[in-house]
Each structure stands twice: as C-alpha cells, then as structure tokens.
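So this one's input-v1.txt, compact mmCIF, C-alpha atoms:
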# COMPACT_ATOMS: atom_id res chain seq x y z
CA MET H 1 -108.24 -80.58 -204.53
CA LYS H 2 -110.07 -78.91 -201.67
CA ASN H 3 -112.51 -81.79 -201.50
CA PHE H 4 -109.63 -84.25 -201.26
CA LEU H 5 -108.00 -82.39 -198.41
CA PHE H 6 -111.32 -82.14 -196.56
CA ALA H 7 -111.85 -85.88 -196.91
CA ILE H 8 -108.40 -86.57 -195.50
CA ALA H 9 -109.03 -84.20 -192.58
CA LEU H 10 -112.41 -85.79 -191.89
CA LEU H 11 -110.89 -89.27 -191.96
CA THR H 12 -108.17 -88.16 -189.54
CA VAL H 13 -110.75 -86.78 -187.12
CA ILE H 14 -112.85 -89.93 -187.30
CA THR H 15 -109.80 -92.09 -186.80
CA SER H 16 -108.69 -89.98 -183.82
CA CYS H 17 -112.14 -90.24 -182.22
CA LYS H 18 -112.18 -94.01 -182.62
CA SER H 19 -108.67 -94.27 -181.08
CA LYS H 20 -109.69 -92.21 -178.05
CA LYS H 21 -112.84 -94.28 -177.61
CA ARG H 22 -110.84 -97.48 -177.87
CA LEU H 23 -108.28 -96.12 -175.45
CA ALA H 24 -111.02 -95.26 -172.99
CA GLU H 25 -112.47 -98.77 -173.30
CA LEU H 26 -109.04 -100.30 -172.72
CA GLN H 27 -108.52 -98.08 -169.68
CA THR H 28 -111.86 -99.23 -168.25
CA VAL H 29 -110.94 -102.87 -168.79
CA HIS H 30 -107.55 -102.23 -167.22
CA ASP H 31 -109.10 -100.62 -164.13
CA LYS H 32 -111.59 -103.47 -163.78
CA VAL H 33 -108.87 -106.10 -164.05
CA LYS H 34 -106.74 -104.20 -161.55
CA MET H 35 -109.62 -104.10 -159.02
CA GLU H 36 -110.26 -107.80 -159.49
CA LEU H 37 -106.58 -108.55 -158.93
CA GLU H 38 -106.52 -106.43 -155.76
CA ASP H 39 -109.66 -108.19 -154.50
CA CYS H 40 -108.11 -111.53 -155.31
CA ALA H 41 -104.97 -110.54 -153.42
CA LYS H 42 -107.02 -109.58 -150.35
CA LYS H 43 -108.92 -112.88 -150.45
CA THR H 44 -105.63 -114.74 -150.83
CA ALA H 45 -104.16 -112.94 -147.81
CA SER H 46 -107.33 -113.68 -145.79
CA LEU H 47 -107.21 -117.35 -146.75
CA GLN H 48 -103.55 -117.53 -145.83
CA SER H 49 -104.32 -115.98 -142.42
CA THR H 50 -107.17 -118.45 -141.89
CA ILE H 51 -104.91 -121.34 -142.88
CA GLY H 52 -102.32 -120.11 -140.36
CA THR H 53 -104.95 -119.96 -137.61
CA LYS H 54 -106.25 -123.42 -138.43
CA ASP H 55 -102.72 -124.79 -138.43
CA ALA H 56 -102.17 -123.35 -134.95
CA GLU H 57 -105.50 -124.80 -133.74
CA LEU H 58 -104.61 -128.16 -135.24
CA LEU H 59 -101.27 -128.07 -133.44
CA THR H 60 -103.06 -127.30 -130.16
CA LYS H 61 -105.59 -130.08 -130.70
CA ASN H 62 -102.80 -132.52 -131.46
CA GLY H 63 -101.15 -131.52 -128.19
CA GLN H 64 -104.44 -132.03 -126.31
CA ILE H 65 -104.90 -135.42 -127.95
CA THR H 66 -101.40 -136.39 -126.84
CA ASP H 67 -102.16 -135.28 -123.25
CA LEU H 68 -105.48 -137.15 -123.22
CA GLN H 69 -103.80 -140.25 -124.54
CA SER H 70 -101.22 -140.02 -121.76
CA GLN H 71 -104.02 -139.67 -119.18
CA LEU H 72 -105.87 -142.59 -120.69
CA ASP H 73 -102.75 -144.73 -120.54
CA TYR H 74 -102.26 -143.73 -116.90
CA LEU H 75 -105.88 -144.55 -116.02
CA LYS H 76 -105.61 -147.92 -117.76
CA LYS H 77 -102.48 -148.67 -115.79
CA THR H 78 -104.11 -147.53 -112.52
CA ASN H 79 -107.23 -149.57 -113.24
CA THR H 80 -105.12 -152.62 -113.91
CA ASN H 81 -103.31 -152.13 -110.60
CA LEU H 82 -106.62 -151.75 -108.74
CA LEU H 83 -107.99 -154.89 -110.33
CA ASP H 84 -104.86 -156.74 -109.33
CA ARG H 85 -105.18 -155.52 -105.76
CA MET H 86 -108.90 -156.25 -105.53
CA ALA H 87 -108.13 -159.76 -106.68
CA ASP H 88 -106.69 -160.27 -103.22
CA LEU H 89 -109.87 -160.64 -101.16
CA SER H 90 -107.93 -160.23 -97.94
CA ILE H 91 -107.53 -156.50 -98.64
CA VAL H 92 -111.20 -155.64 -98.08
CA SER H 93 -113.15 -158.23 -96.18
CA LYS H 94 -116.92 -158.35 -96.15
CA ALA H 95 -116.94 -156.96 -92.62
CA GLY H 96 -114.58 -154.17 -93.64
CA ALA H 97 -116.76 -153.22 -96.60
CA GLU H 98 -119.82 -153.11 -94.30
CA SER H 99 -117.93 -150.90 -91.86
CA ILE H 100 -117.05 -148.47 -94.66
CA ARG H 101 -120.68 -148.39 -95.77
CA ARG H 102 -121.89 -147.57 -92.24
CA SER H 103 -119.25 -144.84 -91.90
CA LEU H 104 -120.39 -143.22 -95.14
CA GLU H 105 -124.02 -143.33 -94.00
CA THR H 106 -123.05 -141.76 -90.68
CA LEU H 107 -121.20 -138.94 -92.45
CA SER H 108 -124.26 -138.35 -94.61
CA ASN H 109 -126.46 -138.14 -91.52
CA VAL H 110 -124.02 -135.74 -89.82
CA SER H 111 -124.07 -133.53 -92.93
CA SER H 112 -127.88 -133.48 -92.91
CA SER H 113 -127.80 -132.69 -89.19
CA ALA H 114 -125.42 -129.76 -89.82
CA GLN H 115 -127.77 -128.35 -92.46
CA ARG H 116 -130.69 -128.69 -90.06
CA ARG H 117 -128.65 -126.97 -87.33
CA ASP H 118 -127.83 -124.05 -89.63
CA SER H 119 -131.53 -123.61 -90.44
CA ILE H 120 -132.40 -123.60 -86.73
CA ASN H 121 -129.65 -121.07 -86.03
CA LEU H 122 -130.99 -118.70 -88.68
CA LEU H 123 -134.47 -118.98 -87.17
CA LEU H 124 -133.08 -118.34 -83.68
CA VAL H 125 -131.17 -115.24 -84.79
CA LYS H 126 -134.25 -113.90 -86.57
CA ASN H 127 -136.51 -114.46 -83.56
CA LEU H 128 -134.00 -113.03 -81.08
CA LYS H 129 -133.33 -109.89 -83.11
CA ARG H 130 -137.05 -109.32 -83.56
CA SER H 131 -137.66 -109.79 -79.84
CA LEU H 132 -134.78 -107.45 -78.93
CA SER H 133 -135.43 -104.88 -81.67
CA ASP H 134 -136.15 -102.07 -79.19
CA ILE H 135 -132.71 -102.44 -77.53
CA ASN H 136 -129.58 -100.67 -78.75
CA ASP H 137 -127.44 -102.96 -80.94
CA SER H 138 -124.31 -101.93 -79.06
CA ASP H 139 -125.83 -103.26 -75.80
CA VAL H 140 -127.16 -106.57 -77.12
CA GLN H 141 -125.58 -108.42 -80.05
CA VAL H 142 -126.86 -111.64 -81.63
CA GLU H 143 -124.54 -113.64 -83.86
CA VAL H 144 -123.60 -117.15 -84.97
CA LYS H 145 -120.11 -118.30 -84.02
CA LYS H 146 -118.63 -121.79 -84.30
CA GLY H 147 -121.99 -123.17 -85.40
CA VAL H 148 -124.00 -121.92 -82.39
CA VAL H 149 -125.95 -118.76 -81.52
CA TYR H 150 -124.47 -116.20 -79.11
CA VAL H 151 -126.43 -113.46 -77.36
CA SER H 152 -123.91 -110.98 -75.93
CA ILE H 153 -125.34 -108.52 -73.37
CA SER H 154 -123.29 -105.60 -72.04
CA ASP H 155 -122.82 -105.45 -68.27
CA LYS H 156 -124.60 -102.09 -67.97
CA MET H 157 -127.80 -103.74 -69.26
CA LEU H 158 -127.72 -106.30 -66.43
CA PHE H 159 -125.53 -105.26 -63.50
CA PRO H 160 -124.34 -102.23 -61.55
CA SER H 161 -120.58 -101.70 -61.71
CA ALA H 162 -118.56 -104.43 -59.91
CA SER H 163 -121.79 -106.13 -58.80
CA TYR H 164 -123.45 -109.47 -59.57
CA VAL H 165 -126.93 -108.33 -58.49
CA LEU H 166 -129.20 -107.84 -61.51
CA ASN H 167 -130.60 -104.34 -62.06
CA LYS H 168 -134.20 -103.46 -62.92
CA GLN H 169 -133.88 -103.41 -66.71
CA ALA H 170 -132.23 -106.87 -66.69
CA GLU H 171 -135.60 -108.55 -66.21
CA SER H 172 -136.94 -107.06 -69.43
CA VAL H 173 -133.93 -108.15 -71.49
CA LEU H 174 -133.71 -111.65 -70.01
CA GLY H 175 -137.47 -112.14 -70.35
CA LYS H 176 -137.29 -111.57 -74.09
CA VAL H 177 -134.38 -113.97 -74.48
CA ALA H 178 -136.11 -116.55 -72.26
CA GLN H 179 -139.21 -116.47 -74.48
CA VAL H 180 -137.14 -117.56 -77.48
CA ILE H 181 -135.31 -120.16 -75.37
CA ASN H 182 -138.59 -121.68 -74.24
CA ASP H 183 -139.82 -121.82 -77.84
CA HIS H 184 -136.82 -124.03 -78.74
CA ARG H 185 -136.77 -126.69 -76.06
CA ASN H 186 -134.36 -128.91 -78.00
CA LEU H 187 -131.48 -126.54 -77.17
CA ASP H 188 -129.32 -126.29 -74.07
CA VAL H 189 -128.26 -122.92 -72.64
CA LEU H 190 -124.78 -121.92 -71.49
CA VAL H 191 -124.43 -118.59 -69.66
CA GLU H 192 -120.90 -117.17 -69.51
CA GLY H 193 -119.74 -114.17 -67.48
CA HIS H 194 -116.87 -112.03 -68.84
CA THR H 195 -114.97 -109.13 -67.25
CA ASP H 196 -112.31 -106.61 -68.23
CA VAL H 197 -108.74 -106.76 -66.86
CA TYR H 198 -109.27 -104.44 -63.91
CA PRO H 199 -108.87 -106.57 -60.75
CA ILE H 200 -111.57 -106.70 -58.13
CA SER H 201 -111.43 -107.74 -54.48
CA THR H 202 -114.31 -107.30 -52.02
CA GLN H 203 -115.77 -109.02 -48.98
CA PHE H 204 -117.70 -111.41 -51.26
CA LEU H 205 -115.55 -111.46 -54.42
CA LYS H 206 -111.94 -112.54 -54.40
CA ASP H 207 -111.18 -111.70 -58.06
CA ASN H 208 -112.63 -111.48 -61.56
CA TRP H 209 -113.19 -115.23 -61.63
CA ASP H 210 -115.64 -114.85 -58.77
CA LEU H 211 -117.34 -111.87 -60.40
CA SER H 212 -117.78 -113.60 -63.77
CA VAL H 213 -119.12 -116.81 -62.19
CA MET H 214 -121.52 -115.01 -59.85
CA ARG H 215 -122.90 -112.92 -62.71
CA ALA H 216 -123.50 -116.08 -64.74
CA THR H 217 -125.30 -117.81 -61.86
CA SER H 218 -127.45 -114.70 -61.29
CA VAL H 219 -128.63 -114.84 -64.91
CA VAL H 220 -129.18 -118.62 -64.81
CA ARG H 221 -131.17 -118.36 -61.58
CA THR H 222 -133.39 -115.62 -63.06
CA LEU H 223 -134.03 -117.60 -66.26
CA GLN H 224 -135.10 -120.56 -64.12
CA THR H 225 -137.13 -118.94 -61.37
CA GLN H 226 -138.75 -116.00 -63.18
CA PHE H 227 -139.09 -117.23 -66.75
CA GLY H 228 -139.53 -120.98 -66.41
CA VAL H 229 -136.47 -122.21 -68.29
CA ALA H 230 -135.86 -125.84 -67.25
CA PRO H 231 -132.80 -125.98 -64.96
CA SER H 232 -131.65 -129.19 -66.66
CA ARG H 233 -131.01 -127.10 -69.78
CA LEU H 234 -128.92 -124.45 -67.98
CA THR H 235 -125.19 -124.21 -67.32
CA ALA H 236 -123.40 -121.28 -65.67
CA GLY H 237 -119.73 -120.51 -66.26
CA GLY H 238 -117.23 -117.74 -65.61
CA ARG H 239 -114.46 -116.79 -68.06
CA SER H 240 -112.99 -113.87 -66.04
CA GLU H 241 -110.98 -111.50 -68.32
CA PHE H 242 -109.37 -114.21 -70.43
CA ILE H 243 -111.68 -114.27 -73.48
CA PRO H 244 -111.75 -110.56 -74.48
CA LYS H 245 -113.63 -109.31 -77.53
CA GLU H 246 -111.66 -106.07 -77.83
CA ASP H 247 -108.38 -104.53 -76.71
CA ASN H 248 -108.38 -103.93 -72.95
CA THR H 249 -106.04 -100.93 -73.29
CA THR H 250 -108.94 -98.61 -74.24
CA GLU H 251 -112.11 -97.73 -72.33
CA ALA H 252 -114.28 -98.72 -75.29
CA GLY H 253 -112.51 -102.07 -75.46
CA ARG H 254 -112.91 -102.73 -71.74
CA GLN H 255 -116.59 -101.82 -71.95
CA ALA H 256 -117.09 -104.33 -74.78
CA ASN H 257 -115.33 -107.02 -72.75
CA ARG H 258 -117.59 -106.57 -69.72
CA ARG H 259 -120.46 -108.73 -70.92
CA THR H 260 -122.64 -111.77 -70.32
CA GLU H 261 -123.00 -114.25 -73.17
CA ILE H 262 -125.98 -116.60 -73.49
CA VAL H 263 -125.02 -119.45 -75.81
CA LEU H 264 -127.72 -121.66 -77.36
CA LEU H 265 -126.30 -125.14 -77.90
CA PRO H 266 -127.57 -128.35 -79.54
CA LYS H 267 -128.11 -131.11 -76.99
CA LEU H 268 -124.93 -133.18 -76.92
CA ASP H 269 -126.73 -136.45 -76.17
CA GLU H 270 -128.75 -136.09 -79.41
CA PHE H 271 -125.56 -135.42 -81.37
CA PHE H 272 -123.79 -138.47 -79.96
CA ASN H 273 -126.87 -140.62 -80.54
CA LEU H 274 -126.70 -139.60 -84.20
CA LEU H 275 -123.08 -140.76 -84.40
CA THR H 276 -123.77 -144.13 -82.74
CA GLU H 277 -127.21 -145.06 -84.08
CA GLN H 278 -125.74 -146.63 -87.26
CA LYS H 279 -123.37 -148.95 -85.37
Take the structure in this file and express it as structure tokens.
Amino acid sequence: MKNFLFAIALLTVITSCKSKKRLAELQTVHDKVKMELEDCAKKTASLQSTIGTKDAELLTKNGQITDLQSQLDYLKKTNTNLLDRMADLSIVSKAGAESIRRSLETLSNVSSSAQRRDSINLLLVKNLKRSLSDINDSDVQVEVKKGVVYVSISDKMLFPSASYVLNKQAESVLGKVAQVINDHRNLDVLVEGHTDVYPISTQFLKDNWDLSVMRATSVVRTLQTQFGVAPSRLTAGGRSEFIPKEDNTTEAGRQANRRTEIVLLPKLDEFFNLLTEQK
C-alpha cells in the first residue's frame, strides 16, 4: 500500500514538473511572439509615415509639373508670336540689325573701359597713400568717389587762415601728389577750392568764391611751375562754401569743409573716342 501511494506521489511530482516546464516554454513563445508583433507594428507605422511623406512629395511634384507645363505653354505661345513678328522683315531691317550690333559692341567696350578705370583708380589710391604715409590722415584723405580719385587736403596744410598764399609745408605735400600725377600722364587734374560758411571780404577778396578760386589757382600754378605738371592737364575751380563735407554748425565741421580737393580724371576726349570709334 505504501509503495502504491509513493508511486502516485512520484507521478504527481513528475507531472507537475512537466507542466511547469511546458508553461515556461509557452510563456517564452508568447513573449517572443509579442515582441515580433510590436516590432511589426513599429515597422508598419514607419512605412505608413514614409508613404504619407511620399504622397506629399508626389503632390508637390505634380504641382511643379503643372506649373512647368503652364510655363512651357506660355513660352510656346510667345515663341509663336515672335516668329510671326519676325516674319515681317520691315520690323528689323538689315541696317537696324547692324546698328544694334554696333551698340552692343560699344557697350562691351565701355564695360571693359570701366574695369580698366577701376584698376587704375586702385593703383592711384595705393601710390598716393604710400607717398603721403607720413602725413596725418585727418589732414590728407585719399578716396574714390563717383568713379574718380579725390585727394582732399585740409586748408591748414596749404594756406594760412583767410589767405590764398601757400605756406611752407604745402610744397612738400603738393610735391608728393605731383609725383604720382606725373607717373599717370593719361589723367587730367581738377583742383577745387572749398571754404566754410564764414564770409570773407578784403582788399583782394570779395567773398568766399574769390577765396576758393584763388586757392585753387595757387595750387595749380605750383603744380605747373615747381613740379612740372603739364598745364594742359590742369583745371582750377572754386566751389565756395556750397559743397560741404560736414555740418557747418560745428567747428570740427567747418574745419573739414575748409579744404582743397585734387581730382584725378580720365581724359574726356579718350572716353568720347571710345564711344564713337565703332560708328
């Protein structure tokens, strides 16, 4: 009897162990399947997102194709109109076509001339600044304006107050500028006198017009007689107080406005020859 009961107990234990093992195996399979389903769900969501993006891109491309087709239709229509107009030979005669060709060539030459002018201006500025390097920048300024080079010299560097007679240090400054001028003989030189707004009236000067003109002629005469600049290249002009650089209501502004400007210009006859040589 005891043996029988022991056998039943042993069988129960064995059966229980097998059930637990089987249950564990089933749980493992369940977990694996669950992970695969979750992974599949993620991939499905990703694919759906990609499909949505591609649909949007396709919609955009279709819109672009529609726009391009509209442009193509417009160009075809325009081309047809141009062909119809060109069929009328009276629109553009042979002489007219030749005139257009010469105009385009002239514009090309002017563009090349402008590039050459800019290169010359850069060289001029470099040479002038190097030559005037020992002078305070506030007294002598070199810059390019309106396509030409300006050398602006304060009045205290050249003249006593209210005078058009050059002082001693003027010769040094003008000599350095003249050296660069003489190295570029294809340029003309315009000297302009400028004053502030304070009026002047003396035995020899009626007003600021007189003062600005006389200062310009003093500089021009010195460039010619002392430094050998050809007089045919020189022009003297007075601007009085009417082209100020700064506000005349302050002392600093008035000081900046009292100046002599030496402007280096391309020869006008060469420029006009360029415009007419293709005719």
Shortest contact to Asp155 (chain H), candidates H:Asp39, H:Ala256, H:Ile200, H:Lys245, atoms counted all atoms listed in the file, goes to H:Ala256
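Proximity of H:Asp73, H:Glu261, H:Asp188, H:Glu171 to Val213 (chain H), computed with only C-alpha atoms, is greatest for H:Glu261.
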Using all atoms listed in the file, can you tell me which of H:Asp137, H:Asp67, H:Asp183, H:Glu192 comes closest to Thr260 (chain H)?
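Of H:Asp137, H:Asp67, H:Asp183, H:Glu192, the one nearest Thr260 (chain H), counting all atoms listed in the file, is H:Glu192.
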Counting all atoms listed in the file, the option among H:Gly193, H:Pro160, H:Gly175, H:Gly237 closest to Ser131 (chain H):
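Using all atoms listed in the file, Ser131 (chain H) sits closest to H:Gly175.
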Could you give me, as number ranges by chain, the residues within 10 Å of region 214-231 of chain H, counting only C-alpha atoms and dropping anything in the same chain fewer than 6 positions from it?
H: 155, 158-159, 162-166, 170-171, 174-179, 181-182, 185, 188-195, 205, 208, 237-239, 259-262
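The spacing separating CA of Trp209 (chain H) from CA of Ile153 (chain H) amounts to 18.2 Å.
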Residue neighbourhood region 119-126 of chain H, 12 Å, all atoms listed in the file, exclusion window fewer than 2 positions, as a ChimeraX atom specification:
/H:112-117,128-133,141-151,177-187,263-266
Distance CA of Gln255 (chain H)-CA of Lys206 (chain H), one decimal place?
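Value for the CA of Gln255 (chain H)-CA of Lys206 (chain H) distance: 21.1 Å.
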What is the distance between CA of Thr235 (chain H) and CA of Ser212 (chain H), in Å to one decimal?
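One can read the CA of Thr235 (chain H) to CA of Ser212 (chain H) distance as 13.4 Å.
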Test item: axis-aligned box, all listed atoms of region 157-169 of chain H, 3 Å on each side, centre and edges in Å rounded to one decimal, as lines of an AutoDock Vina configuration file:
center_x = -126.4
center_y = -105.6
center_z = -63.9
size_x = 21.6
size_y = 13.8
size_z = 16.8
